[in-house]
$ cat input-v8.txt   # compact mmCIF, C-alpha atoms and all ligand atoms
# COMPACT_ATOMS: atom_id res chain seq x y z
CA MET A 1 112.19 133.91 163.59
CA ASN A 2 108.48 133.55 164.44
CA ARG A 3 107.59 130.64 166.68
CA GLN A 4 105.29 128.14 165.02
CA SER A 5 102.96 125.84 166.92
CA THR A 6 101.36 122.43 166.77
CA GLU A 7 99.59 120.16 169.27
CA ILE A 8 101.62 117.00 168.73
CA ALA A 9 105.16 117.18 167.37
CA VAL A 10 106.62 113.89 166.11
CA VAL A 11 110.34 113.58 165.36
CA GLY A 12 111.09 111.05 162.59
CA ALA A 13 108.98 109.91 159.64
CA GLY A 14 109.90 106.24 159.75
CA VAL A 15 107.11 103.75 160.41
CA VAL A 16 107.05 104.50 164.14
CA GLY A 17 106.74 108.26 163.68
CA LEU A 18 104.09 107.86 160.98
CA ALA A 19 102.16 105.42 163.16
CA MET A 20 102.16 107.89 166.08
CA ALA A 21 101.04 110.64 163.69
CA LEU A 22 98.21 108.49 162.35
CA ALA A 23 96.98 107.53 165.81
CA ALA A 24 96.96 111.14 167.04
CA GLY A 25 95.56 112.43 163.72
CA ARG A 26 92.69 109.94 163.89
CA ARG A 27 91.88 111.34 167.33
CA GLY A 28 91.56 114.79 165.81
CA ARG A 29 94.86 116.20 167.10
CA ARG A 30 96.89 118.69 165.08
CA VAL A 31 100.08 116.82 164.25
CA THR A 32 103.37 117.94 162.72
CA VAL A 33 106.09 115.41 161.85
CA PHE A 34 109.71 116.51 161.42
CA GLU A 35 112.00 114.34 159.29
CA ARG A 36 115.58 115.39 158.72
CA GLU A 37 115.90 113.66 155.31
CA ALA A 38 114.10 114.63 152.10
CA THR A 39 112.40 111.25 152.45
CA ALA A 40 112.88 108.81 155.33
CA ILE A 41 115.77 106.44 154.60
CA GLY A 42 116.12 104.57 157.89
CA ALA A 43 115.17 101.03 158.88
CA SER A 44 111.60 101.54 157.68
CA VAL A 45 112.54 101.55 153.98
CA ARG A 46 115.20 98.86 154.29
CA ASN A 47 113.11 95.98 155.56
CA PHE A 48 111.02 93.15 154.06
CA GLY A 49 107.72 94.94 154.62
CA LEU A 50 106.55 91.82 156.41
CA VAL A 51 103.86 92.18 159.09
CA LEU A 52 104.46 89.03 161.10
CA PRO A 53 102.03 88.20 163.94
CA LEU A 54 103.24 84.57 163.84
CA SER A 55 106.56 85.72 165.34
CA GLN A 56 104.83 86.54 168.65
CA PRO A 57 103.55 84.14 171.30
CA PRO A 58 99.79 84.26 171.92
CA GLY A 59 98.78 87.16 174.16
CA PRO A 60 98.96 90.95 174.07
CA LEU A 61 101.90 91.17 171.65
CA HIS A 62 100.24 88.85 169.16
CA ASP A 63 97.05 90.93 169.51
CA ARG A 64 99.05 94.11 168.93
CA ALA A 65 100.54 92.60 165.78
CA LEU A 66 97.10 91.56 164.50
CA ARG A 67 95.77 95.08 165.15
CA SER A 68 98.72 96.55 163.23
CA ARG A 69 97.90 94.24 160.36
CA GLU A 70 94.32 95.51 160.31
CA ILE A 71 95.55 99.10 160.19
CA TRP A 72 98.06 98.28 157.44
CA LEU A 73 95.22 96.72 155.40
CA GLU A 74 93.06 99.82 155.89
CA LEU A 75 95.95 102.09 154.90
CA ALA A 76 96.94 99.95 151.92
CA GLN A 77 93.41 100.08 150.60
CA ALA A 78 92.86 103.78 151.33
CA ALA A 79 96.25 104.94 150.02
CA GLY A 80 96.43 102.44 147.14
CA LEU A 81 99.61 100.75 148.41
CA HIS A 82 100.89 97.49 146.98
CA HIS A 83 100.22 94.72 149.47
CA SER A 84 99.90 90.99 149.52
CA ALA A 85 98.00 89.27 152.32
CA GLU A 86 99.01 85.73 151.40
CA GLY A 87 100.54 84.68 154.69
CA LEU A 88 103.80 82.88 155.39
CA LEU A 89 105.17 79.38 154.85
CA VAL A 90 107.74 77.97 157.26
CA LEU A 91 109.40 75.09 155.45
CA ALA A 92 110.55 72.07 157.51
CA ARG A 93 113.30 70.03 155.87
CA HIS A 94 114.55 68.21 158.98
CA ALA A 95 112.73 66.11 161.58
CA ASP A 96 113.73 68.52 164.39
CA GLU A 97 112.19 71.46 162.47
CA LEU A 98 108.95 69.56 161.94
CA ARG A 99 108.88 68.65 165.64
CA VAL A 100 109.15 72.33 166.65
CA LEU A 101 106.33 73.26 164.26
CA GLU A 102 104.11 70.49 165.66
CA GLU A 103 104.87 71.58 169.23
CA TYR A 104 104.14 75.19 168.34
CA LEU A 105 100.74 74.31 166.89
CA GLU A 106 99.90 72.14 169.88
CA GLN A 107 100.89 74.79 172.44
CA THR A 108 99.29 77.78 170.77
CA ASP A 109 96.11 76.40 169.30
CA GLY A 110 97.38 77.87 166.04
CA SER A 111 94.30 76.59 164.22
CA GLN A 112 92.43 79.49 165.82
CA HIS A 113 94.26 81.76 163.37
CA GLY A 114 94.09 79.32 160.49
CA ARG A 115 97.65 78.08 161.02
CA ARG A 116 98.18 74.48 159.98
CA LEU A 117 100.71 71.99 158.71
CA LEU A 118 100.77 71.35 154.98
CA THR A 119 102.09 68.31 153.19
CA PRO A 120 104.98 68.90 150.74
CA PHE A 121 102.48 68.60 147.89
CA GLU A 122 100.19 71.25 149.40
CA ALA A 123 103.12 73.55 150.21
CA THR A 124 104.61 73.44 146.73
CA ARG A 125 101.17 74.07 145.22
CA LEU A 126 100.91 77.22 147.31
CA SER A 127 104.49 78.34 146.65
CA ALA A 128 106.11 78.15 143.24
CA ALA A 129 109.45 78.86 144.94
CA ALA A 130 109.46 76.12 147.62
CA ARG A 131 111.74 73.24 146.63
CA PRO A 132 110.04 69.86 146.92
CA GLU A 133 113.37 67.98 147.41
CA GLY A 134 113.80 67.11 151.09
CA LEU A 135 110.68 68.96 152.15
CA LEU A 136 108.93 67.19 155.04
CA ALA A 137 106.09 69.63 155.71
CA ALA A 138 105.39 73.34 156.05
CA LEU A 139 103.58 75.49 158.55
CA TYR A 140 101.16 77.77 156.75
CA SER A 141 100.14 80.92 158.59
CA PRO A 142 97.56 83.15 156.86
CA THR A 143 98.01 86.13 159.21
CA GLU A 144 101.12 87.57 157.55
CA MET A 145 101.00 90.35 154.99
CA VAL A 146 103.62 92.15 152.94
CA ILE A 147 103.64 95.78 151.93
CA ASP A 148 106.33 97.45 149.87
CA PRO A 149 108.14 99.47 152.54
CA ARG A 150 109.76 101.95 150.16
CA GLU A 151 106.44 102.77 148.54
CA ALA A 152 104.57 102.87 151.84
CA ILE A 153 106.97 105.18 153.69
CA ARG A 154 107.15 107.50 150.67
CA SER A 155 103.36 107.60 150.15
CA LEU A 156 101.97 107.66 153.67
CA PRO A 157 102.89 111.28 154.49
CA ARG A 158 100.61 112.54 151.70
CA HIS A 159 97.82 110.19 152.77
CA LEU A 160 98.13 111.32 156.40
CA HIS A 161 98.02 114.91 155.24
CA ASP A 162 94.98 114.46 153.00
CA ARG A 163 92.97 112.33 155.45
CA HIS A 164 94.04 113.62 158.85
CA GLY A 165 95.65 117.00 158.23
CA VAL A 166 99.05 115.71 159.43
CA GLU A 167 101.84 117.95 158.22
CA VAL A 168 105.09 116.14 157.47
CA ARG A 169 108.06 118.50 157.19
CA HIS A 170 110.86 116.71 155.39
CA SER A 171 114.45 118.00 155.28
CA THR A 172 113.96 119.39 158.79
CA LEU A 173 116.31 118.28 161.55
CA VAL A 174 115.15 118.69 165.13
CA ARG A 175 118.36 119.61 166.90
CA GLU A 176 116.88 120.25 170.33
CA ALA A 177 113.66 119.23 172.03
CA ASN A 178 112.57 120.50 175.42
CA ALA A 179 109.20 120.19 177.03
CA GLY A 180 106.91 122.11 174.72
CA ARG A 181 109.70 123.53 172.57
CA LEU A 182 111.58 122.35 169.52
CA GLU A 183 114.53 123.94 167.78
CA THR A 184 114.63 122.82 164.16
CA THR A 185 116.54 123.75 161.03
CA ALA A 186 113.26 125.37 159.94
CA GLY A 187 112.80 127.52 163.02
CA SER A 188 111.40 127.19 166.54
CA TRP A 189 108.18 125.40 167.37
CA THR A 190 105.97 124.92 170.37
CA ALA A 191 104.00 121.73 170.96
CA GLU A 192 101.79 120.31 173.71
CA GLU A 193 103.43 116.90 173.34
CA VAL A 194 106.69 115.86 171.70
CA ILE A 195 107.05 112.26 170.54
CA ILE A 196 110.55 111.27 169.49
CA CYS A 197 110.78 108.37 167.04
CA SER A 198 114.36 108.78 165.92
CA GLY A 199 115.08 105.10 165.25
CA ALA A 200 118.75 104.21 165.68
CA ASP A 201 119.90 107.83 166.16
CA PHE A 202 120.84 107.92 169.83
CA GLN A 203 123.04 110.99 169.62
CA THR A 204 121.07 114.01 168.45
CA LEU A 205 118.29 114.26 171.05
CA TYR A 206 118.57 113.22 174.71
CA PRO A 207 121.88 111.35 174.18
CA GLU A 208 122.38 110.75 177.93
CA GLN A 209 118.96 109.10 178.27
CA PHE A 210 119.61 106.95 175.20
CA ALA A 211 123.02 105.98 176.60
CA ARG A 212 121.34 104.72 179.79
CA SER A 213 118.40 103.04 178.01
CA GLY A 214 120.10 99.72 177.26
CA LEU A 215 119.30 100.12 173.55
CA GLN A 216 121.74 98.58 171.10
CA ARG A 217 122.13 98.99 167.38
CA VAL A 218 121.66 95.97 165.16
CA LYS A 219 122.98 95.84 161.59
CA LEU A 220 121.23 93.58 159.07
CA GLN A 221 122.42 92.75 155.54
CA MET A 222 119.82 92.40 152.80
CA LEU A 223 119.64 91.41 149.12
CA ARG A 224 117.09 91.90 146.38
CA THR A 225 116.78 90.06 143.06
CA VAL A 226 115.78 91.51 139.73
CA SER A 227 112.05 91.41 138.94
CA GLN A 228 110.77 87.91 138.37
CA PRO A 229 109.05 87.21 135.04
CA ALA A 230 105.67 88.89 134.62
CA GLY A 231 102.95 86.93 136.38
CA TRP A 232 105.36 84.81 138.49
CA LYS A 233 104.27 85.14 142.10
CA LEU A 234 106.13 84.13 145.24
CA GLY A 235 102.80 83.57 146.99
CA PRO A 236 103.23 83.43 150.78
CA ALA A 237 106.42 84.89 152.25
CA LEU A 238 108.95 82.11 152.87
CA CYS A 239 111.26 81.08 155.67
CA ALA A 240 112.79 77.86 157.02
CA GLY A 241 114.45 76.19 160.03
CA LEU A 242 116.82 79.00 161.04
CA SER A 243 113.84 81.31 161.63
CA LEU A 244 112.49 78.96 164.29
CA THR A 245 115.46 79.83 166.49
CA HIS A 246 114.95 83.55 165.89
CA TYR A 247 111.34 84.34 166.75
CA PRO A 248 109.98 84.43 170.32
CA ALA A 249 106.86 82.48 169.30
CA PHE A 250 108.84 79.22 169.20
CA ARG A 251 110.79 79.71 172.46
CA GLY A 252 108.50 77.51 174.50
CA CYS A 253 108.88 74.48 172.19
CA PRO A 254 110.78 71.66 173.93
CA GLY A 255 112.35 70.55 170.62
CA LEU A 256 114.00 73.92 170.05
CA ALA A 257 117.20 73.09 172.02
CA GLU A 258 117.91 70.06 169.83
CA LEU A 259 117.23 72.03 166.65
CA ARG A 260 119.50 74.85 167.83
CA ALA A 261 122.29 72.39 168.65
CA ARG A 262 122.11 70.83 165.16
CA LEU A 263 122.14 74.23 163.47
CA GLU A 264 125.17 75.27 165.53
CA ARG A 265 126.95 72.08 164.40
CA GLU A 266 125.93 72.19 160.75
CA LEU A 267 125.73 75.93 160.07
CA PRO A 268 128.17 77.60 162.51
CA PHE A 269 128.83 80.56 160.20
CA HIS A 270 125.12 81.27 159.80
CA VAL A 271 124.51 81.04 163.54
CA ALA A 272 127.54 83.21 164.39
CA ASN A 273 126.33 85.91 162.00
CA GLY A 274 122.73 85.81 163.18
CA ILE A 275 121.49 84.66 159.78
CA HIS A 276 117.94 83.50 159.39
CA LEU A 277 116.21 83.65 156.07
CA LEU A 278 113.06 85.38 154.93
CA ALA A 279 111.90 86.08 151.39
CA THR A 280 109.15 88.47 150.32
CA GLN A 281 108.11 89.93 146.97
CA THR A 282 107.80 93.61 146.03
CA GLY A 283 105.11 95.15 143.84
CA ALA A 284 107.64 95.20 140.98
CA GLY A 285 108.17 91.44 141.33
CA GLN A 286 111.64 91.50 142.94
CA ILE A 287 112.38 89.10 145.78
CA THR A 288 113.82 90.60 148.96
CA ILE A 289 116.09 88.14 150.77
CA GLY A 290 117.74 88.50 154.18
CA ASP A 291 118.96 88.84 156.85
CA SER A 292 121.92 88.74 159.23
CA HIS A 293 122.22 90.30 162.71
CA HIS A 294 125.31 92.05 164.12
CA TYR A 295 124.92 93.81 167.48
CA GLY A 296 126.91 96.73 168.88
CA HIS A 297 127.03 100.45 169.50
CA THR A 298 128.95 101.40 166.38
CA VAL A 299 127.80 99.85 163.13
CA ASP A 300 130.46 98.39 160.82
CA PRO A 301 130.02 100.42 157.61
CA PHE A 302 131.36 97.59 155.44
CA ASP A 303 129.18 94.68 154.35
CA SER A 304 130.50 91.13 154.35
CA GLU A 305 130.19 89.29 151.06
CA ALA A 306 130.70 86.01 152.96
CA VAL A 307 127.49 86.79 154.88
CA ASN A 308 125.64 87.56 151.63
CA THR A 309 126.86 84.29 150.11
CA ALA A 310 125.83 82.31 153.20
CA MET A 311 122.33 83.82 153.04
CA LEU A 312 121.97 83.00 149.35
CA ASP A 313 123.27 79.43 149.86
CA TYR A 314 120.75 78.81 152.63
CA PHE A 315 117.94 80.33 150.55
CA ALA A 316 118.89 78.20 147.52
CA ALA A 317 118.65 75.05 149.65
CA PHE A 318 114.91 75.54 150.22
CA ALA A 319 113.76 77.81 147.40
CA ARG A 320 114.30 78.42 143.70
CA LEU A 321 113.47 81.42 141.56
CA PRO A 322 113.14 81.82 137.80
CA ARG A 323 115.50 84.84 138.00
CA PRO A 324 117.84 84.64 141.01
CA GLU A 325 120.19 87.46 139.85
CA ILE A 326 120.84 89.99 142.60
CA GLN A 327 120.04 93.58 141.75
CA GLU A 328 120.64 95.33 145.09
CA ARG A 329 122.56 94.80 148.33
CA TRP A 330 122.25 97.04 151.37
CA HIS A 331 122.20 97.00 155.11
CA GLY A 332 119.78 98.46 157.61
CA VAL A 333 120.15 99.36 161.26
CA TYR A 334 117.55 99.24 163.98
CA ALA A 335 117.51 99.88 167.71
CA LYS A 336 116.80 97.01 170.06
CA HIS A 337 116.77 96.33 173.76
CA PRO A 338 118.13 92.90 174.76
CA GLU A 339 115.04 92.07 176.85
CA GLN A 340 112.24 94.48 175.97
CA VAL A 341 110.02 94.57 172.87
CA ASP A 342 110.10 98.37 172.85
CA VAL A 343 111.51 101.23 174.90
CA LEU A 344 109.53 104.22 176.13
CA LEU A 345 111.53 107.02 177.75
CA GLU A 346 110.16 110.15 179.35
CA PRO A 347 113.14 112.46 179.62
CA GLU A 348 110.86 115.28 180.83
CA PRO A 349 107.13 115.98 181.09
CA GLY A 350 105.48 116.23 177.70
CA VAL A 351 108.31 114.43 175.89
CA THR A 352 108.17 110.72 175.09
CA VAL A 353 110.76 108.70 173.21
CA VAL A 354 109.26 105.67 171.45
CA GLY A 355 111.90 103.30 170.14
CA GLY A 356 113.61 99.96 170.25
CA LEU A 357 110.97 98.07 168.26
CA GLY A 358 113.83 96.00 166.87
CA GLY A 359 113.00 93.63 164.04
CA ALA A 360 109.26 94.07 164.55
CA GLY A 361 108.62 97.74 163.79
CA MET A 362 106.43 97.04 160.76
CA THR A 363 104.59 94.44 162.82
CA PHE A 364 104.03 96.50 165.95
CA ALA A 365 104.13 100.23 165.19
CA PHE A 366 100.47 100.86 164.34
CA GLY A 367 99.07 98.75 167.16
CA LEU A 368 101.49 100.26 169.69
CA ALA A 369 100.68 103.80 168.51
CA GLU A 370 96.96 103.24 169.00
CA GLU A 371 97.53 101.89 172.52
CA LEU A 372 99.79 104.81 173.46
CA ALA A 373 97.50 107.46 171.98
CA ARG A 374 94.56 106.04 173.93
CA ALA A 375 96.47 105.69 177.20
CA ARG A 376 98.16 109.10 177.04
CA GLY A 377 95.45 111.14 175.36
CA TRP A 378 97.63 112.04 172.33
C1 LIG B 1 116.94 94.95 157.24
C2 LIG B 1 115.73 95.07 158.14
C3 LIG B 1 114.67 94.19 157.97
C4 LIG B 1 113.53 94.29 158.79
N1 LIG B 1 112.43 93.55 158.52
C5 LIG B 1 111.29 93.77 159.20
C6 LIG B 1 110.09 93.11 158.85
O1 LIG B 1 110.01 92.41 157.84
N2 LIG B 1 109.01 93.25 159.65
C7 LIG B 1 109.03 94.08 160.74
O2 LIG B 1 108.03 94.15 161.45
N3 LIG B 1 110.12 94.82 161.04
C8 LIG B 1 111.24 94.68 160.29
N4 LIG B 1 112.35 95.41 160.58
C9 LIG B 1 112.30 96.36 161.68
C10 LIG B 1 111.68 97.70 161.27
O3 LIG B 1 112.16 98.09 160.02
C11 LIG B 1 112.05 98.74 162.34
O4 LIG B 1 111.62 98.30 163.62
C12 LIG B 1 111.36 100.06 162.06
O5 LIG B 1 111.57 100.46 160.73
C13 LIG B 1 111.86 101.14 163.01
O6 LIG B 1 111.17 102.31 162.64
P1 LIG B 1 111.58 103.73 163.22
O7 LIG B 1 110.58 104.68 162.70
O8 LIG B 1 111.79 103.60 164.69
O9 LIG B 1 113.04 103.99 162.64
P2 LIG B 1 113.52 104.57 161.24
O10 LIG B 1 112.79 103.98 160.11
O11 LIG B 1 115.00 104.43 161.23
O12 LIG B 1 113.10 106.08 161.28
C14 LIG B 1 113.68 107.05 162.13
C15 LIG B 1 113.60 108.37 161.40
O13 LIG B 1 113.90 109.43 162.28
C16 LIG B 1 114.61 110.40 161.56
N5 LIG B 1 115.32 111.21 162.56
C17 LIG B 1 116.17 110.78 163.52
N6 LIG B 1 116.59 111.80 164.28
C18 LIG B 1 115.99 112.92 163.81
C19 LIG B 1 116.01 114.29 164.20
N7 LIG B 1 116.72 114.71 165.25
N8 LIG B 1 115.27 115.18 163.49
C20 LIG B 1 114.51 114.77 162.43
N9 LIG B 1 114.47 113.46 162.02
C21 LIG B 1 115.19 112.56 162.71
C22 LIG B 1 115.51 109.59 160.66
O14 LIG B 1 115.98 110.34 159.55
C23 LIG B 1 114.60 108.46 160.26
O15 LIG B 1 113.91 108.70 159.05
C24 LIG B 1 113.50 95.29 159.80
C25 LIG B 1 114.57 96.16 159.96
C26 LIG B 1 115.68 96.07 159.13
C27 LIG B 1 116.80 97.05 159.31
$ encode --input "input-v8.txt" --output "structure tokens"
Amino acid sequence: MNRQSTEIAVVGAGVVGLAMALAAGRRGRRVTVFEREATAIGASVRNFGLVLPLSQPPGPLHDRALRSREIWLELAQAAGLHHSAEGLLVLARHADELRVLEEYLEQTDGSQHGRRLLTPFEATRLSAAARPEGLLAALYSPTEMVIDPREAIRSLPRHLHDRHGVEVRHSTLVREANAGRLETTAGSWTAEEVIICSGADFQTLYPEQFARSGLQRVKLQMLRTVSQPAGWKLGPALCAGLSLTHYPAFRGCPGLAELRARLERELPFHVANGIHLLATQTGAGQITIGDSHHYGHTVDPFDSEAVNTAMLDYFAAFARLPRPEIQERWHGVYAKHPEQVDVLLEPEPGVTVVGGLGGAGMTFAFGLAEELARARGW
């Protein structure tokens, strides 16, 4: 078979692969993306679509998240993607949660990004879903945005093609990558650079390097309601106390230990199953609710209904919906390093593996891709 050629070959058309393709395409490089499925069905279509700078402490990672947000906004406008830039509300229903939010604002000068504490009255005016009962206050952060991940990952390949000449070859497995050479189910290719963004697949390409990388797989259970009545809007994305123990932004708050200890006492099942609760709304009006976290090399294929019930119970304690009926349940899997925010491997010259973005791939991918393309001349 004839050898085909490209300048930059990207393996995987999840958000990380598409972000690398966009960054290189914007720099005028000839890019070809190979995706083994007819449309990407990995972590990138199974998430909340939440771009969450608030989750990061101030500094380079927060800046990277803000830059990703800017790029998402540009893409959403240019490609006509559903998006909502209404921020996030963190609801405090216990004194220890409020204390952590106050400490966070004090330590980070959150007001610089428009983050502030709202009274229960202000919070429930902003969010039709937030329950007023027991609400003490809420942190409002305007920097968060939501896109519809299924729509975005399906639509972006065409946009990248039309605007930047990026060719996305779906239904094409890359079964071998060597420096400058790819063997695919659609023939052999040559490339100046190969960027592997294979998500939680550690076995097809460079399995030995993945095995040594320290990356783990994380399984997350998710739920989605039916569409809410026409015109009913969630407003800002929602979360509550459990999320404060999950995101690195709150790690420096002195009150966190006390909050964690109470949650371990009062909600041991939630804590043991890594449950923290986020809710976002899709373009079709459904509410996406999740998630749990189970770590390991081999992902349990069976979902736990006890975990789903625990997530819905916790959600119902702080939020209410006109139509809470569940329409879909699924799980997603991402790759994560226990200490690092991402993992870059260079198994040989001209080949880079970009992975391990964990629960922040939607938040980081575009900013990271721009940084890498600039630094490495992609
Ligand atoms: C339930 C859940 C909720 C989340 N919520 C959020 C959120 O709200 N905000 C946020 O920022 N992040 C969130 N994340 C994290 C985010 O979804 C991931 O970090 C991100 O999607 C990872 O993108 P990826 O491109 O690396 O992986 P994937 O999306 O899994 O894509 C990898 C792609 O590579 C393809 N592939 C693999 N090997 C080959 C090969 N050899 N040849 C060809 N193709 C190949 C696969 O088919 C796949 O399409 C969430 C994740 C999950 C699972």
$ residues_around --input "input-v8.txt" --residues "segment 158-174 of chain A" --least-positions-apart "5" --cutoff "8 Å" --atoms "only C-alpha atoms" --output "ChimeraX atom specification"
/A:11,13,21-22,25-26,28,30-39,79,182-186
$ atom_distance --input "input-v8.txt" --atom1 "atom C23 of ligand LIG 1 (chain B)" --atom2 "atom CA of Met311 of chain A"
26.8 Å
$ residues_near_ligand --input "input-v8.txt" --ligand "ligand LIG 1 (chain B)" --cutoff "7 Å" --atoms "all atoms listed in the file" --output "PDB file with C-alpha atoms, in the frame of the given file"
ATOM      1  CA  VAL A  11     110.340 113.580 165.360  1.00  0.00           C
ATOM      2  CA  GLY A  12     111.090 111.050 162.590  1.00  0.00           C
ATOM      3  CA  ALA A  13     108.980 109.910 159.640  1.00  0.00           C
ATOM      4  CA  GLY A  14     109.900 106.240 159.750  1.00  0.00           C
ATOM      5  CA  VAL A  15     107.110 103.750 160.410  1.00  0.00           C
ATOM      6  CA  VAL A  16     107.050 104.500 164.140  1.00  0.00           C
ATOM      7  CA  GLY A  17     106.740 108.260 163.680  1.00  0.00           C
ATOM      8  CA  PHE A  34     109.710 116.510 161.420  1.00  0.00           C
ATOM      9  CA  GLU A  35     112.000 114.340 159.290  1.00  0.00           C
ATOM     10  CA  ARG A  36     115.580 115.390 158.720  1.00  0.00           C
ATOM     11  CA  GLU A  37     115.900 113.660 155.310  1.00  0.00           C
ATOM     12  CA  ALA A  40     112.880 108.810 155.330  1.00  0.00           C
ATOM     13  CA  ILE A  41     115.770 106.440 154.600  1.00  0.00           C
ATOM     14  CA  GLY A  42     116.120 104.570 157.890  1.00  0.00           C
ATOM     15  CA  ALA A  43     115.170 101.030 158.880  1.00  0.00           C
ATOM     16  CA  SER A  44     111.600 101.540 157.680  1.00  0.00           C
ATOM     17  CA  VAL A  45     112.540 101.550 153.980  1.00  0.00           C
ATOM     18  CA  ARG A  46     115.200  98.860 154.290  1.00  0.00           C
ATOM     19  CA  ASN A  47     113.110  95.980 155.560  1.00  0.00           C
ATOM     20  CA  PHE A  48     111.020  93.150 154.060  1.00  0.00           C
ATOM     21  CA  GLY A  49     107.720  94.940 154.620  1.00  0.00           C
ATOM     22  CA  LEU A  50     106.550  91.820 156.410  1.00  0.00           C
ATOM     23  CA  VAL A  51     103.860  92.180 159.090  1.00  0.00           C
ATOM     24  CA  LEU A  52     104.460  89.030 161.100  1.00  0.00           C
ATOM     25  CA  THR A 172     113.960 119.390 158.790  1.00  0.00           C
ATOM     26  CA  LEU A 173     116.310 118.280 161.550  1.00  0.00           C
ATOM     27  CA  VAL A 174     115.150 118.690 165.130  1.00  0.00           C
ATOM     28  CA  ARG A 175     118.360 119.610 166.900  1.00  0.00           C
ATOM     29  CA  CYS A 197     110.780 108.370 167.040  1.00  0.00           C
ATOM     30  CA  SER A 198     114.360 108.780 165.920  1.00  0.00           C
ATOM     31  CA  GLY A 199     115.080 105.100 165.250  1.00  0.00           C
ATOM     32  CA  ALA A 200     118.750 104.210 165.680  1.00  0.00           C
ATOM     33  CA  ASP A 201     119.900 107.830 166.160  1.00  0.00           C
ATOM     34  CA  THR A 204     121.070 114.010 168.450  1.00  0.00           C
ATOM     35  CA  LEU A 205     118.290 114.260 171.050  1.00  0.00           C
ATOM     36  CA  LYS A 219     122.980  95.840 161.590  1.00  0.00           C
ATOM     37  CA  LEU A 220     121.230  93.580 159.070  1.00  0.00           C
ATOM     38  CA  GLN A 221     122.420  92.750 155.540  1.00  0.00           C
ATOM     39  CA  MET A 222     119.820  92.400 152.800  1.00  0.00           C
ATOM     40  CA  ASP A 291     118.960  88.840 156.850  1.00  0.00           C
ATOM     41  CA  HIS A 331     122.200  97.000 155.110  1.00  0.00           C
ATOM     42  CA  GLY A 332     119.780  98.460 157.610  1.00  0.00           C
ATOM     43  CA  VAL A 333     120.150  99.360 161.260  1.00  0.00           C
ATOM     44  CA  TYR A 334     117.550  99.240 163.980  1.00  0.00           C
ATOM     45  CA  GLY A 355     111.900 103.300 170.140  1.00  0.00           C
ATOM     46  CA  GLY A 356     113.610  99.960 170.250  1.00  0.00           C
ATOM     47  CA  LEU A 357     110.970  98.070 168.260  1.00  0.00           C
ATOM     48  CA  GLY A 358     113.830  96.000 166.870  1.00  0.00           C
ATOM     49  CA  GLY A 359     113.000  93.630 164.040  1.00  0.00           C
ATOM     50  CA  ALA A 360     109.260  94.070 164.550  1.00  0.00           C
ATOM     51  CA  GLY A 361     108.620  97.740 163.790  1.00  0.00           C
ATOM     52  CA  MET A 362     106.430  97.040 160.760  1.00  0.00           C
ATOM     53  CA  THR A 363     104.590  94.440 162.820  1.00  0.00           C
ATOM     54  CA  PHE A 364     104.030  96.500 165.950  1.00  0.00           C
TER      55      PHE A 364
END
$ atom_distance --input "input-v8.txt" --atom1 "atom CA of Val351 of chain A" --atom2 "atom CA of Gly59 of chain A"
28.9 Å
$ atom_distance --input "input-v8.txt" --atom1 "atom CA of Pro322 of chain A" --atom2 "atom CA of Pro53 of chain A"
29.1 Å
$ closest_atom_pairs --input "input-v8.txt" --of "segment 146-251 of chain A" --to "segment 262-284 of chain A" --cutoff "6 Å" --atoms "only C-alpha atoms" --output "Markdown table"
| residue | atom | partner | partner_atom | distance |
| --- | --- | --- | --- | --- |
| A:Asp148 | CA | A:Thr282 | CA | 5.6 |
| A:Ala237 | CA | A:Thr280 | CA | 4.9 |
| A:Leu238 | CA | A:Ala279 | CA | 5.2 |
| A:Cys239 | CA | A:Leu278 | CA | 4.7 |
| A:Leu242 | CA | A:His276 | CA | 4.9 |
| A:Ser243 | CA | A:His276 | CA | 5.2 |
$ residues_around --input "input-v8.txt" --residues "Ile195 of chain A" --least-positions-apart "6" --cutoff "8 Å" --atoms "only C-alpha atoms" --output "number ranges by chain"
A: 8-11, 17, 20, 351-354
$ residues_near_point --input "input-v8.txt" --point "(104.4, 77.3, 155.0)" --cutoff "7 Å" --atoms "all atoms listed in the file" --output "PyMOL selection string"
chain A and resi 88-91+118+123+138-141+238
$ residues_around --input "input-v8.txt" --residues "Ala78 of chain A" --least-positions-apart "2" --cutoff "12 Å" --atoms "all atoms listed in the file" --output "list in words"
Ile71, Trp72, Leu73, Glu74, Leu75, Ala76, Gly80, Leu81, His82, His83, Ala152, Ser155, Leu156, Arg158, His159, Leu160, Asp162 and Arg163 of chain A
$ write_last_selection --input "input-v8.txt" --atoms "C-alpha atoms" --output "mmCIF file, keeping the file's coordinate frame"
data_model
loop_
_atom_site.group_PDB
_atom_site.id
_atom_site.type_symbol
_atom_site.label_atom_id
_atom_site.label_comp_id
_atom_site.auth_asym_id
_atom_site.auth_seq_id
_atom_site.Cartn_x
_atom_site.Cartn_y
_atom_site.Cartn_z
ATOM 1 C CA ILE A 71 95.550 99.100 160.190
ATOM 2 C CA TRP A 72 98.060 98.280 157.440
ATOM 3 C CA LEU A 73 95.220 96.720 155.400
ATOM 4 C CA GLU A 74 93.060 99.820 155.890
ATOM 5 C CA LEU A 75 95.950 102.090 154.900
ATOM 6 C CA ALA A 76 96.940 99.950 151.920
ATOM 7 C CA GLY A 80 96.430 102.440 147.140
ATOM 8 C CA LEU A 81 99.610 100.750 148.410
ATOM 9 C CA HIS A 82 100.890 97.490 146.980
ATOM 10 C CA HIS A 83 100.220 94.720 149.470
ATOM 11 C CA ALA A 152 104.570 102.870 151.840
ATOM 12 C CA SER A 155 103.360 107.600 150.150
ATOM 13 C CA LEU A 156 101.970 107.660 153.670
ATOM 14 C CA ARG A 158 100.610 112.540 151.700
ATOM 15 C CA HIS A 159 97.820 110.190 152.770
ATOM 16 C CA LEU A 160 98.130 111.320 156.400
ATOM 17 C CA ASP A 162 94.980 114.460 153.000
ATOM 18 C CA ARG A 163 92.970 112.330 155.450
#
